[in-house]
Amino acid sequence: MRDDNCIFCKIAAGEIPSNTIYEDELFKVILDLSPAAKGHALIIPKEHYANLFEIDEEVAGKAVQVAKKVAERMQEVLHIDGLNLMQNNGRAAGQTVFHFHMHVIPRYAGAANADMLRYNPLELSEQEMQELKEELKFGLFNTAEQ
Ligand code: AMP
Ligand code: ZN
């Protein structure tokens, strides 16, 4: 499936040029045009899925396998000190291209922009934490802790 108005579908099909660093049957990995750090790459499935909610579960799993390969390559070739995987879903989460993709962002100690993924933590009460846990929990084994 593809979306004719989607820039990443066009990149995946080779209709728009990109700096491709890896390709297999299912994915293309390209350098981000506005990188957070040297080597910032995007793992793009060739099929169009808007986000994590729409992507085929197996393709999502394989995207993580590709992320590991790309991360190891970056570790080998670039002198990286750390690495973030980031994957945005929906405008509220900062997604700007609505074709699933995973960011692989190498990190370098002391880089001026190295803390850009930080946030200010909320202070939730114990009651709020308990309510959230009760609402969200699923698939747990039956132990005393829960
Ligand atoms: P997101 O905010 O997760 O949707 O990320 C979209 C990313 O795609 C941004 O980091 C952009 O810099 C990047 N981007 C958009 N268009 C292109 C393009 N033609 N080639 C490479 N990267 C792109
Ligand atoms: Zn697309």
# chains A, B, ... in the order shown; residues from 1 in each chain; ligands from 1
call {"tool": "closest_atom_pairs", "arguments": {"of": "chain A", "to": "ligand 2", "cutoff": "12 Å", "atoms": "only C-alpha atoms and all ligand atoms", "output": "Markdown table"}}
result
| residue | atom | partner | partner_atom_place_in_ligand_line | distance |
| --- | --- | --- | --- | --- |
| A:Met1 | CA | ligand 2 | 1 (Zn) | 8.4 |
| A:Arg2 | CA | ligand 2 | 1 (Zn) | 5.6 |
| A:Asp3 | CA | ligand 2 | 1 (Zn) | 5.2 |
| A:Asp4 | CA | ligand 2 | 1 (Zn) | 7.6 |
| A:Asn5 | CA | ligand 2 | 1 (Zn) | 7.6 |
| A:Cys6 | CA | ligand 2 | 1 (Zn) | 4.5 |
| A:Ile7 | CA | ligand 2 | 1 (Zn) | 6.4 |
| A:Phe8 | CA | ligand 2 | 1 (Zn) | 4.9 |
| A:Cys9 | CA | ligand 2 | 1 (Zn) | 3.8 |
| A:Lys10 | CA | ligand 2 | 1 (Zn) | 7.3 |
| A:Ile11 | CA | ligand 2 | 1 (Zn) | 8.7 |
| A:Ala12 | CA | ligand 2 | 1 (Zn) | 8.2 |
| A:Ala13 | CA | ligand 2 | 1 (Zn) | 9.8 |
| A:Ile44 | CA | ligand 2 | 1 (Zn) | 8.9 |
| A:Pro45 | CA | ligand 2 | 1 (Zn) | 8.5 |
| A:Lys46 | CA | ligand 2 | 1 (Zn) | 7.8 |
| A:Glu47 | CA | ligand 2 | 1 (Zn) | 6.8 |
| A:His48 | CA | ligand 2 | 1 (Zn) | 4.1 |
| A:Tyr49 | CA | ligand 2 | 1 (Zn) | 6.5 |
| A:Ala50 | CA | ligand 2 | 1 (Zn) | 7.0 |
| A:Asn51 | CA | ligand 2 | 1 (Zn) | 10.0 |
| A:Glu54 | CA | ligand 2 | 1 (Zn) | 11.9 |
| A:Ile55 | CA | ligand 2 | 1 (Zn) | 11.4 |
| A:Val97 | CA | ligand 2 | 1 (Zn) | 8.5 |
| A:Phe98 | CA | ligand 2 | 1 (Zn) | 7.1 |
| A:His99 | CA | ligand 2 | 1 (Zn) | 4.6 |
| A:Phe100 | CA | ligand 2 | 1 (Zn) | 7.7 |
| A:His101 | CA | ligand 2 | 1 (Zn) | 9.7 |
call {"tool": "write_last_selection", "arguments": {"atoms": "C-alpha atoms", "output": "mmCIF file, in the first residue's frame"}}
result
data_model
loop_
_atom_site.group_PDB
_atom_site.id
_atom_site.type_symbol
_atom_site.label_atom_id
_atom_site.label_comp_id
_atom_site.auth_asym_id
_atom_site.auth_seq_id
_atom_site.Cartn_x
_atom_site.Cartn_y
_atom_site.Cartn_z
ATOM 1 C CA MET A 1 0.000 0.000 0.000
ATOM 2 C CA ARG A 2 1.140 3.526 -0.706
ATOM 3 C CA ASP A 3 -0.202 7.022 -0.342
ATOM 4 C CA ASP A 4 0.447 9.139 -3.449
ATOM 5 C CA ASN A 5 0.659 12.319 -1.386
ATOM 6 C CA CYS A 6 3.205 10.904 1.051
ATOM 7 C CA ILE A 7 6.813 12.075 0.856
ATOM 8 C CA PHE A 8 8.199 8.959 2.561
ATOM 9 C CA CYS A 9 6.318 6.685 0.114
ATOM 10 C CA LYS A 10 8.053 8.614 -2.667
ATOM 11 C CA ILE A 11 11.433 8.324 -0.946
ATOM 12 C CA ALA A 12 10.884 4.592 -0.363
ATOM 13 C CA ALA A 13 10.064 4.146 -4.071
ATOM 14 C CA ILE A 44 11.222 3.986 6.835
ATOM 15 C CA PRO A 45 9.050 0.977 5.950
ATOM 16 C CA LYS A 46 8.422 0.740 2.197
ATOM 17 C CA GLU A 47 4.710 0.160 2.827
ATOM 18 C CA HIS A 48 2.642 3.115 3.981
ATOM 19 C CA TYR A 49 1.477 2.978 7.598
ATOM 20 C CA ALA A 50 0.605 6.300 9.203
ATOM 21 C CA ASN A 51 1.865 5.444 12.670
ATOM 22 C CA GLU A 54 -1.586 1.271 11.965
ATOM 23 C CA ILE A 55 1.653 -0.572 11.325
ATOM 24 C CA VAL A 97 5.481 13.156 8.504
ATOM 25 C CA PHE A 98 2.516 10.811 8.742
ATOM 26 C CA HIS A 99 4.240 7.695 7.452
ATOM 27 C CA PHE A 100 5.609 5.536 10.290
ATOM 28 C CA HIS A 101 9.324 6.042 10.854
#
call {"tool": "residues_near_ligand", "arguments": {"ligand": "ligand 1", "cutoff": "9 Å", "atoms": "only C-alpha atoms and all ligand atoms", "output": "PyMOL selection string"}}
result
chain A and resi 7-8+11+16-19+30-36+40-42+86-91+93-103
call {"tool": "write_last_selection", "arguments": {"atoms": "N, CA and C atoms", "output": "short mmCIF file (atom, residue, chain, number, x, y, z; two decimals), in the first residue's frame"}}
result
data_model
loop_
_atom_site.label_atom_id
_atom_site.label_comp_id
_atom_site.auth_asym_id
_atom_site.auth_seq_id
_atom_site.Cartn_x
_atom_site.Cartn_y
_atom_site.Cartn_z
N ILE A 7 5.41 11.87 1.24
CA ILE A 7 6.81 12.07 0.86
C ILE A 7 7.67 10.85 1.15
N PHE A 8 7.38 10.13 2.25
CA PHE A 8 8.20 8.96 2.56
C PHE A 8 7.86 7.78 1.65
N ILE A 11 10.02 8.62 -1.26
CA ILE A 11 11.43 8.32 -0.95
C ILE A 11 11.66 6.81 -0.99
N ILE A 16 11.94 10.33 -5.02
CA ILE A 16 12.55 11.56 -4.46
C ILE A 16 13.91 11.13 -3.93
N PRO A 17 14.96 11.90 -4.23
CA PRO A 17 16.29 11.48 -3.78
C PRO A 17 16.43 11.53 -2.26
N SER A 18 17.24 10.63 -1.75
CA SER A 18 17.52 10.61 -0.31
C SER A 18 18.92 10.08 -0.11
N ASN A 19 19.48 10.37 1.04
CA ASN A 19 20.79 9.82 1.38
C ASN A 19 20.56 8.49 2.09
N ILE A 30 17.40 6.29 5.79
CA ILE A 30 17.96 7.49 5.15
C ILE A 30 18.48 8.45 6.21
N LEU A 31 19.35 9.34 5.80
CA LEU A 31 19.80 10.40 6.71
C LEU A 31 18.73 11.47 6.79
N ASP A 32 18.41 11.91 8.02
CA ASP A 32 17.44 12.99 8.23
C ASP A 32 18.00 14.30 7.68
N LEU A 33 17.14 15.03 6.97
CA LEU A 33 17.57 16.31 6.35
C LEU A 33 17.82 17.41 7.38
N SER A 34 17.20 17.30 8.55
CA SER A 34 17.43 18.28 9.64
C SER A 34 17.90 17.53 10.87
N PRO A 35 19.15 17.08 10.84
CA PRO A 35 19.61 16.14 11.86
C PRO A 35 19.79 16.77 13.24
N ALA A 36 19.41 16.01 14.28
CA ALA A 36 19.67 16.41 15.66
C ALA A 36 21.14 16.21 16.00
N HIS A 40 22.13 11.21 12.26
CA HIS A 40 20.69 11.03 12.54
C HIS A 40 20.02 10.38 11.33
N ALA A 41 19.43 9.21 11.56
CA ALA A 41 18.84 8.44 10.46
C ALA A 41 17.38 8.13 10.74
N LEU A 42 16.65 7.82 9.67
CA LEU A 42 15.23 7.47 9.77
C LEU A 42 15.02 6.10 9.14
N MET A 86 13.77 7.06 18.66
CA MET A 86 12.61 7.90 18.90
C MET A 86 11.58 7.61 17.81
N GLN A 87 10.33 7.61 18.19
CA GLN A 87 9.29 7.27 17.20
C GLN A 87 8.03 8.04 17.59
N ASN A 88 7.67 9.04 16.82
CA ASN A 88 6.58 9.95 17.17
C ASN A 88 5.27 9.51 16.50
N ASN A 89 4.18 9.61 17.25
CA ASN A 89 2.86 9.24 16.73
C ASN A 89 1.85 10.33 17.02
N GLY A 90 1.39 11.01 15.97
CA GLY A 90 0.39 12.06 16.14
C GLY A 90 1.04 13.42 16.35
N ARG A 91 0.31 14.43 15.93
CA ARG A 91 0.79 15.81 16.05
C ARG A 91 1.18 16.16 17.48
N ALA A 93 2.42 14.42 19.63
CA ALA A 93 3.70 13.79 19.99
C ALA A 93 4.84 14.29 19.11
N GLY A 94 4.54 15.29 18.27
CA GLY A 94 5.59 15.87 17.44
C GLY A 94 5.75 15.25 16.06
N GLN A 95 4.83 14.35 15.70
CA GLN A 95 4.95 13.75 14.36
C GLN A 95 4.62 14.79 13.29
N THR A 96 5.48 14.88 12.29
CA THR A 96 5.24 15.84 11.21
C THR A 96 5.10 15.14 9.86
N VAL A 97 5.66 13.95 9.73
CA VAL A 97 5.48 13.16 8.50
C VAL A 97 4.65 11.94 8.90
N PHE A 98 3.48 11.81 8.28
CA PHE A 98 2.52 10.81 8.74
C PHE A 98 2.64 9.49 7.98
N HIS A 99 3.87 9.02 7.96
CA HIS A 99 4.24 7.70 7.45
C HIS A 99 5.18 7.17 8.54
N PHE A 100 4.82 6.06 9.17
CA PHE A 100 5.61 5.54 10.29
C PHE A 100 7.11 5.63 10.00
N HIS A 101 7.86 6.08 10.96
CA HIS A 101 9.32 6.04 10.85
C HIS A 101 9.92 6.05 12.25
N MET A 102 11.11 5.50 12.33
CA MET A 102 11.82 5.47 13.61
C MET A 102 13.10 6.27 13.46
N HIS A 103 13.31 7.21 14.38
CA HIS A 103 14.55 8.00 14.38
C HIS A 103 15.64 7.20 15.09
#
call {"tool": "atom_distance", "arguments": {"atom1": "CA of Ala60 in chain A", "atom2": "CA of Leu132 in chain A"}}
result
26.3 Å
call {"tool": "atom_distance", "arguments": {"atom1": "CA of Leu124 in chain A", "atom2": "CA of Gly139 in chain A"}}
result
24.1 Å
call {"tool": "atom_distance", "arguments": {"atom1": "CA of Arg107 in chain A", "atom2": "CA of His79 in chain A"}}
result
9.1 Å
call {"tool": "select_by_dssp", "arguments": {"residues": "range 18-141 of chain A", "states": "helix (DSSP H, G or I)", "output": "count of residues only"}}
result
35
call {"tool": "select_by_dssp", "arguments": {"residues": "range 67-109 of chain A", "states": "strand (DSSP E)", "output": "number ranges by chain"}}
result
A: 82-86, 102-107
call {"tool": "residues_around", "arguments": {"residues": "range 62-78 of chain A", "least_positions_apart": "6", "cutoff": "8 Å", "atoms": "only C-alpha atoms", "output": "list in words"}}
result
Phe27, Gly39, Ile43, Pro45, Leu85, Met102, Val104 and Pro106 of chain A
